[in-house]
$ cat coords-v1.json   # JSON, C-alpha atoms
[["chain", "number", "residue", "atom", "x", "y", "z"],
["I", 167, "MET", "CA", 101.06, 85.34, 5.00],
["I", 168, "LYS", "CA", 103.44, 87.48, 2.98],
["I", 169, "ARG", "CA", 101.93, 90.64, 4.51],
["I", 170, "ILE", "CA", 102.52, 89.32, 8.02],
["I", 171, "LEU", "CA", 106.13, 88.53, 7.19],
["I", 172, "VAL", "CA", 106.70, 91.99, 5.70],
["I", 173, "LEU", "CA", 105.00, 93.64, 8.68],
["I", 174, "SER", "CA", 107.10, 91.58, 11.10],
["I", 175, "ILE", "CA", 110.33, 92.51, 9.36],
["I", 176, "PHE", "CA", 109.30, 96.17, 9.38],
["I", 177, "LEU", "CA", 108.47, 96.13, 13.10],
["I", 178, "ILE", "CA", 111.72, 94.38, 13.98],
["I", 179, "SER", "CA", 113.74, 96.87, 11.94],
["I", 180, "GLN", "CA", 111.94, 99.78, 13.61],
["I", 181, "PHE", "CA", 112.70, 98.31, 17.05],
["I", 182, "LEU", "CA", 116.37, 97.80, 16.18],
["I", 183, "PHE", "CA", 116.62, 101.33, 14.76],
["I", 184, "SER", "CA", 115.03, 102.69, 17.93],
["I", 185, "GLN", "CA", 117.48, 100.77, 20.14],
["I", 186, "ASN", "CA", 120.43, 102.00, 18.07],
["I", 187, "LYS", "CA", 119.19, 105.59, 18.35],
["I", 188, "VAL", "CA", 118.76, 105.31, 22.12],
["I", 189, "THR", "CA", 122.29, 103.95, 22.47],
["I", 190, "GLN", "CA", 123.79, 106.54, 20.12],
["I", 191, "ASP", "CA", 122.02, 109.32, 22.07],
["I", 192, "TYR", "CA", 123.47, 107.88, 25.28],
["I", 193, "ILE", "CA", 126.96, 107.85, 23.76],
["I", 194, "ASN", "CA", 126.60, 111.44, 22.55],
["I", 195, "LYS", "CA", 125.40, 112.57, 25.97],
["I", 196, "ASN", "CA", 128.17, 110.86, 27.97],
["I", 197, "GLN", "CA", 131.12, 110.77, 25.59],
["I", 198, "ASN", "CA", 132.87, 113.92, 26.86],
["I", 199, "MET", "CA", 132.58, 112.79, 30.46],
["I", 200, "ALA", "CA", 133.93, 109.33, 29.54],
["I", 201, "VAL", "CA", 136.85, 110.94, 27.68],
["I", 202, "GLU", "CA", 137.61, 113.10, 30.72],
["I", 203, "PHE", "CA", 137.72, 110.04, 33.00],
["I", 204, "SER", "CA", 139.69, 108.06, 30.43],
["I", 205, "LYS", "CA", 142.40, 110.71, 30.52],
["I", 206, "GLN", "CA", 142.31, 111.00, 34.30],
["I", 207, "TYR", "CA", 142.40, 107.26, 35.08],
["I", 208, "SER", "CA", 144.10, 105.88, 31.94],
["I", 209, "ILE", "CA", 141.19, 103.53, 31.26],
["I", 210, "PRO", "CA", 140.16, 103.29, 27.59],
["I", 211, "VAL", "CA", 137.09, 105.37, 26.82],
["I", 212, "GLU", "CA", 135.55, 102.39, 25.01],
["I", 213, "ILE", "CA", 135.70, 100.38, 28.24],
["I", 214, "ILE", "CA", 134.05, 103.14, 30.26],
["I", 215, "LEU", "CA", 131.25, 103.75, 27.75],
["I", 216, "GLY", "CA", 130.85, 100.08, 26.82],
["I", 217, "VAL", "CA", 130.35, 98.97, 30.41],
["I", 218, "ALA", "CA", 127.98, 101.88, 31.04],
["I", 219, "ILE", "CA", 125.88, 100.99, 28.00],
["I", 220, "ILE", "CA", 125.60, 97.35, 29.04],
["I", 221, "GLU", "CA", 125.01, 97.89, 32.73],
["I", 222, "SER", "CA", 122.54, 100.77, 32.36],
["I", 223, "GLY", "CA", 120.69, 99.70, 29.23],
["I", 224, "ALA", "CA", 122.08, 102.86, 27.62],
["I", 225, "GLY", "CA", 120.71, 104.88, 30.52],
["I", 226, "LYS", "CA", 117.20, 103.41, 30.31],
["I", 227, "SER", "CA", 117.33, 100.92, 33.19],
["I", 228, "LYS", "CA", 115.41, 101.59, 36.39],
["I", 229, "VAL", "CA", 118.68, 101.72, 38.33],
["I", 230, "ALA", "CA", 120.23, 104.25, 35.93],
["I", 231, "LYS", "CA", 117.14, 106.45, 35.88],
["I", 232, "ASN", "CA", 116.36, 106.39, 39.60],
["I", 233, "LEU", "CA", 119.75, 105.89, 41.23],
["I", 234, "ASN", "CA", 122.07, 107.46, 38.61],
["I", 235, "ASN", "CA", 123.99, 104.17, 38.69],
["I", 236, "HIS", "CA", 125.31, 103.36, 35.22],
["I", 237, "PHE", "CA", 127.68, 100.53, 36.16],
["I", 238, "GLY", "CA", 125.71, 98.13, 38.34],
["I", 239, "ILE", "CA", 127.83, 98.96, 41.39],
["I", 240, "VAL", "CA", 126.35, 97.56, 44.60],
["I", 241, "GLY", "CA", 125.96, 99.80, 47.64],
["I", 242, "PRO", "CA", 123.63, 101.89, 49.78],
["I", 243, "ASN", "CA", 120.69, 103.82, 48.41],
["I", 244, "ASN", "CA", 117.56, 105.69, 49.46],
["I", 245, "ALA", "CA", 115.39, 104.19, 46.74],
["I", 246, "ASN", "CA", 111.68, 103.80, 47.26],
["I", 247, "PHE", "CA", 111.98, 100.35, 45.69],
["I", 248, "HIS", "CA", 114.05, 97.34, 46.70],
["I", 249, "SER", "CA", 117.51, 97.58, 45.15],
["I", 250, "LYS", "CA", 121.00, 96.41, 46.03],
["I", 251, "TYR", "CA", 122.58, 99.06, 43.81],
["I", 252, "LYS", "CA", 124.39, 102.16, 44.99],
["I", 253, "GLN", "CA", 122.74, 105.53, 44.55],
["I", 254, "TYR", "CA", 124.62, 108.52, 43.16],
["I", 255, "SER", "CA", 123.69, 112.19, 43.23],
["I", 256, "ASN", "CA", 124.40, 112.41, 39.49],
["I", 257, "ASP", "CA", 125.80, 110.51, 36.49],
["I", 258, "TYR", "CA", 129.23, 112.10, 36.89],
["I", 259, "ASN", "CA", 129.69, 110.53, 40.31],
["I", 260, "SER", "CA", 128.66, 107.13, 38.97],
["I", 261, "TYR", "CA", 131.27, 107.32, 36.20],
["I", 262, "LYS", "CA", 133.89, 108.52, 38.66],
["I", 263, "ASP", "CA", 133.14, 105.70, 41.11],
["I", 264, "PHE", "CA", 133.45, 103.12, 38.33],
["I", 265, "CYS", "CA", 136.87, 104.45, 37.37],
["I", 266, "GLU", "CA", 137.98, 104.52, 41.00],
["I", 267, "LEU", "CA", 136.74, 100.95, 41.46],
["I", 268, "ILE", "CA", 138.63, 99.72, 38.39],
["I", 269, "SER", "CA", 141.78, 101.65, 39.36],
["I", 270, "SER", "CA", 141.77, 99.91, 42.76],
["I", 271, "LYS", "CA", 141.99, 96.41, 41.22],
["I", 272, "LYS", "CA", 145.22, 94.39, 41.05],
["I", 273, "TYR", "CA", 145.15, 94.17, 37.25],
["I", 274, "TYR", "CA", 144.93, 97.97, 36.88],
["I", 275, "SER", "CA", 148.64, 98.64, 37.34],
["I", 276, "LYS", "CA", 149.48, 96.24, 34.50],
["I", 277, "LEU", "CA", 146.86, 97.68, 32.16],
["I", 278, "LYS", "CA", 147.08, 101.38, 33.02],
["I", 279, "ASN", "CA", 147.79, 103.38, 29.83],
["I", 280, "SER", "CA", 147.15, 100.32, 27.65],
["I", 281, "LYS", "CA", 145.00, 101.07, 24.61],
["I", 282, "GLU", "CA", 144.30, 97.35, 24.04],
["I", 283, "TYR", "CA", 140.67, 97.26, 25.08],
["I", 284, "ASN", "CA", 140.55, 93.47, 24.63],
["I", 285, "LEU", "CA", 142.99, 93.09, 27.53],
["I", 286, "TRP", "CA", 140.78, 95.31, 29.67],
["I", 287, "VAL", "CA", 137.66, 93.32, 28.76],
["I", 288, "GLU", "CA", 139.38, 90.06, 29.69],
["I", 289, "SER", "CA", 140.78, 91.36, 32.97],
["I", 290, "ILE", "CA", 137.58, 93.04, 34.14],
["I", 291, "GLY", "CA", 135.44, 90.08, 33.06],
["I", 292, "ASN", "CA", 137.71, 87.45, 34.59],
["I", 293, "ASN", "CA", 137.93, 89.22, 37.93],
["I", 294, "GLY", "CA", 134.32, 89.09, 39.03],
["I", 295, "TYR", "CA", 132.75, 92.22, 37.58],
["I", 296, "SER", "CA", 129.85, 90.22, 36.18],
["I", 297, "GLY", "CA", 128.14, 87.00, 37.16],
["I", 298, "ASN", "CA", 128.63, 85.29, 33.80],
["I", 299, "SER", "CA", 131.96, 86.52, 32.51],
["I", 300, "ARG", "CA", 131.87, 84.75, 29.12],
["I", 301, "ILE", "CA", 128.53, 86.29, 28.12],
["I", 302, "TRP", "CA", 129.44, 89.66, 29.62],
["I", 303, "LYS", "CA", 132.78, 89.81, 27.79],
["I", 304, "ASN", "CA", 131.09, 88.94, 24.48],
["I", 305, "LEU", "CA", 128.43, 91.57, 25.05],
["I", 306, "LEU", "CA", 131.03, 94.21, 25.89],
["I", 307, "ASN", "CA", 133.20, 93.39, 22.88],
["I", 308, "ASN", "CA", 130.17, 93.43, 20.58],
["I", 309, "THR", "CA", 128.98, 96.76, 22.00],
["I", 310, "ILE", "CA", 132.40, 98.34, 21.49],
["I", 311, "LYS", "CA", 132.53, 97.10, 17.89],
["I", 312, "LYS", "CA", 128.89, 97.86, 17.00],
["I", 313, "TYR", "CA", 129.05, 101.47, 18.18],
["I", 314, "LYS", "CA", 132.71, 101.95, 17.18],
["I", 315, "LEU", "CA", 133.60, 103.08, 20.66],
["I", 316, "ASP", "CA", 137.24, 102.29, 19.99],
["I", 317, "GLN", "CA", 137.26, 105.06, 17.37],
["I", 318, "ILE", "CA", 136.40, 107.86, 19.81],
["I", 319, "LYS", "CA", 139.17, 110.43, 19.77],
["I", 320, "ILE", "CA", 140.75, 111.41, 23.05]]
$ encode --input "coords-v1.json" --output "structure tokens"
Amino acid sequence: MKRILVLSIFLISQFLFSQNKVTQDYINKNQNMAVEFSKQYSIPVEIILGVAIIESGAGKSKVAKNLNNHFGIVGPNNANFHSKYKQYSNDYNSYKDFCELISSKKYYSKLKNSKEYNLWVESIGNNGYSGNSRIWKNLLNNTIKKYKLDQIKI
């Protein structure tokens, strides 16, 4: 029984380590692009990367891999599988479209240039970005804290 418990703990820790590595690799790959869009659109980099991590499974979701859609944005696609999500020619265009979408919202003008990511999380979550805003906002806040996205230098 003790061996099973030890083995279970080991396997869980390996899985968690693997997930952390996947997410950190995703951050490393996309950080410069997120910083560029943060500067251009005055949206905190932690919001851009945090939403991308959640919505794309750190780039591992079927939609991210096949449609280059990292934000769960709905729209046309040429996928060979049934999907309601928009297809992009590359990751850059997905990130750009997310920033353009956010910058077109009513709350954007009040938040533009604000470094208070909590205000952004609340506004985006409360204005229909996700189906279950309470869970989504918690997940986004936890992702930002866990991966220290708010400490990325611009």
$ atom_distance --input "coords-v1.json" --atom1 "CA of Lys311 (chain I)" --atom2 "CA of Lys281 (chain I)"
14.7 Å
$ residues_near_point --input "coords-v1.json" --point "(120.3, 102.7, 39.7)" --cutoff "9 Å" --atoms "all atoms listed in the file" --output "PyMOL selection string"
chain I and resi 222+227-239+243+245+249-254
$ closest_residue --input "coords-v1.json" --among "I:Arg300, I:Lys195, I:Lys226, I:Lys276" --to "Ser208 (chain I)" --atoms "all atoms listed in the file"
I:Lys276
$ closest_residue --input "coords-v1.json" --among "I:Ile219, I:Ser280, I:Asp257, I:Tyr207" --to "Leu306 (chain I)" --atoms "only C-alpha atoms"
I:Ile219
$ atom_distance --input "coords-v1.json" --atom1 "CA of Glu282 (chain I)" --atom2 "CA of Gln206 (chain I)"
17.2 Å
$ atom_distance --input "coords-v1.json" --atom1 "CA of Val287 (chain I)" --atom2 "CA of Asn198 (chain I)"
21.2 Å
$ residues_around --input "coords-v1.json" --residues "Met199 (chain I)" --least-positions-apart "3" --cutoff "12 Å" --atoms "all atoms listed in the file" --output "list in words"
Tyr192, Ile193, Asn194, Lys195, Asn196, Glu202, Phe203, Ser204, Lys205, Gln206, Val211, Ile214, Leu215, Ala218, Asp257, Tyr258, Asn259, Ser260, Tyr261, Lys262, Cys265 and Ile320 of chain I
$ closest_residue --input "coords-v1.json" --among "I:Lys271, I:Ile209, I:Leu315, I:Asn307" --to "Glu288 (chain I)" --atoms "all atoms listed in the file"
I:Asn307
$ axis_aligned_box --input "coords-v1.json" --around "region 306-317 of chain I" --padding-each-side "5 Å" --output "AutoDock Vina command-line options"
--center_x 133.1 --center_y 99.2 --center_z 21.4 --size_x 18.4 --size_y 21.7 --size_z 18.9
$ closest_residue --input "coords-v1.json" --among "I:Gly291, I:Ser255, I:Phe247, I:Thr189" --to "Leu305 (chain I)" --atoms "all atoms listed in the file"
I:Gly291
$ residues_around --input "coords-v1.json" --residues "Ile213 (chain I)" --least-positions-apart "6" --cutoff "8 Å" --atoms "all atoms listed in the file" --output "VMD selection string"
chain I and resid 283 286 to 287 310
